[in-house]
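Undergrad: Sharing a structure here in structure tokens format.
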Amino acid sequence: MTRIILVGYMGSGKTTIGRQLAMALGISFYDLDWYIEMRYRRSVAQIFRESGEDGFRQMERNMLHEVAEFENIVLSCGGGTPCFFDNMQYMNTLAETVYLKARPNVLAMHLKMGKVERPLIKGKNETDLLAYIEESLAKREPFYAQAKHIVDVNLLDNYDKIQESVSLLRNELGI
């Protein structure tokens, strides 16, 4: 049975790399935010607006406990998932956890390229975005660093670089 959980800051490529890794391994891919949206029939942004971050984090924890029990999966978690409750310890007991690590300037570039609405960074200009990433990454890093594996990811701006990151990840995991 294979169970791999990817953690890291938003924009680190968890969904992009996770989808490619699952395809390469012939197993299912789940994105925790998408799973939450499917189960609650509301977007993450709506849940944030209606329930606040605390309400969202409780829903996220419940859904993590549901989907992380699935077998033969690659699961991409939201950037904050490991930082609340006992989520990181829980993931470490169930799966091979991998921190996709990237520098703040790389994360900012990925987030600017992305088309996903992210409630925590909405409306920030480039300078504010970079400062926000540096500050929140410093707080989150101790949680991410608890992952069993750490893989440095570079710019994921083309297919070859994504495949290179998937290969690095497979080597790290020995699969």
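Numbering starts fresh at 1 for the residues of each chain in the structure tokens, the chains themselves are lettered A, B, ... in the order given, and ligands are numbered from 1 as they appear.
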Taking only residues of region 37-105 of chain A that have an atom at most 7 Å from an atom of region 127-149 of chain A, what is each one's shortest atom pair and its distance in Å to one decimal, using only C-alpha atoms, in chain and number order, as JSON lines?
TA:
```
{"residue": "A:Pro82", "atom": "CA", "partner": "A:Phe143", "partner_atom": "CA", "distance": 6.0}
{"residue": "A:Cys83", "atom": "CA", "partner": "A:Phe143", "partner_atom": "CA", "distance": 5.7}
{"residue": "A:Met88", "atom": "CA", "partner": "A:Phe143", "partner_atom": "CA", "distance": 6.9}
{"residue": "A:Asn92", "atom": "CA", "partner": "A:Ala147", "partner_atom": "CA", "distance": 6.9}
{"residue": "A:Glu96", "atom": "CA", "partner": "A:Lys148", "partner_atom": "CA", "distance": 6.4}
{"residue": "A:Thr97", "atom": "CA", "partner": "A:Ala147", "partner_atom": "CA", "distance": 5.0}
{"residue": "A:Val98", "atom": "CA", "partner": "A:His149", "partner_atom": "CA", "distance": 4.7}
{"residue": "A:Tyr99", "atom": "CA", "partner": "A:Ala147", "partner_atom": "CA", "distance": 5.8}
{"residue": "A:Pro104", "atom": "CA", "partner": "A:Glu134", "partner_atom": "CA", "distance": 5.9}
{"residue": "A:Asn105", "atom": "CA", "partner": "A:Leu130", "partner_atom": "CA", "distance": 6.6}
```
Undergrad: Name all residues at most 10 Å from Tyr35 (chain A) (count only C-alpha atoms; drop same-chain ones fewer than 6 positions away) and give them as a VMD selection string.
TA: chain A and resid 41 60 63 to 64 66 to 67
Undergrad: Measure the distance from CA of Leu6 (chain A) to CA of Gly18 (chain A) in Å and round it to one decimal.
TA: 7.2 Å
Undergrad: Quick check, in Å to one decimal: how far apart do CA of Gly8 (chain A) and CA of Ala68 (chain A) lie?
TA: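 A separation of 16.4 Å between them.
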Undergrad: Skipping near chain neighbours, those fewer than 4 positions away, what residues fall within 12 Å of Thr81 (chain A) using only C-alpha atoms, listed as a PyMOL selection string?
TA: chain A and resi 5-10+31-33+53-54+56-65+75-77+85-91+140+143-144
Undergrad: Would you mind telling me which residue in A:Leu168, A:Met109, A:Thr15, A:Ile73 lies nearest to Trp34 (chain A) when using only C-alpha atoms?
TA: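 Between A:Leu168, A:Met109, A:Thr15, A:Ile73, the residue approaching Trp34 (chain A) most closely is A:Thr15.
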Undergrad: I need the residues of region 12-144 of chain A that end up classed as strand (DSSP E or B) by DSSP on the backbone, written out as a list of chain:residue names.
TA: A:Ser28, A:Phe29, A:Tyr30, A:Asp31, A:Ile73, A:Val74, A:Leu75, A:Ser76, A:Glu96, A:Thr97, A:Val98, A:Tyr99, A:Leu100, A:Lys101
Undergrad: Using only C-alpha atoms, which protein or nucleic acid residues come within 9 Å of Asn154 (chain A)? Drop anything in the same chain fewer than 5 positions from it, and give the result as a VMD selection string.
TA: chain A and resid 12 101 to 103 106 161 to 162 165
Undergrad: Choose the residue, out of A:Glu69, A:Ser51, A:Leu21, A:Met113, that has the smallest atom-to-atom separation from Asn158 (chain A); count only C-alpha atoms.
TA: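 With only C-alpha atoms as the atom set, the closest residue is A:Met113.
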Undergrad: Mind checking which residues fall within 9 Å of Val44 (chain A), counting only C-alpha atoms, ignoring those fewer than 3 positions away in the same chain, and posting them as a list in words?
TA: Asp33, Trp34, Ile36, Glu37, Ile47, Phe48, Arg49, Phe56, Arg118 and Pro119 of chain A
Undergrad: How would you write, as number ranges by chain, the set of residues in chain A that DSSP gives as helix (DSSP H, G or I)?
TA: A: 14-25, 32-40, 44-67, 81-83, 87-94, 104-113, 126-144, 159-173
Undergrad: Go ahead and compute the interatomic distance for CA of Ala22 (chain A) and CA of Thr93 (chain A), in Å to one decimal.
TA: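 These two atoms are separated by 20.3 Å.
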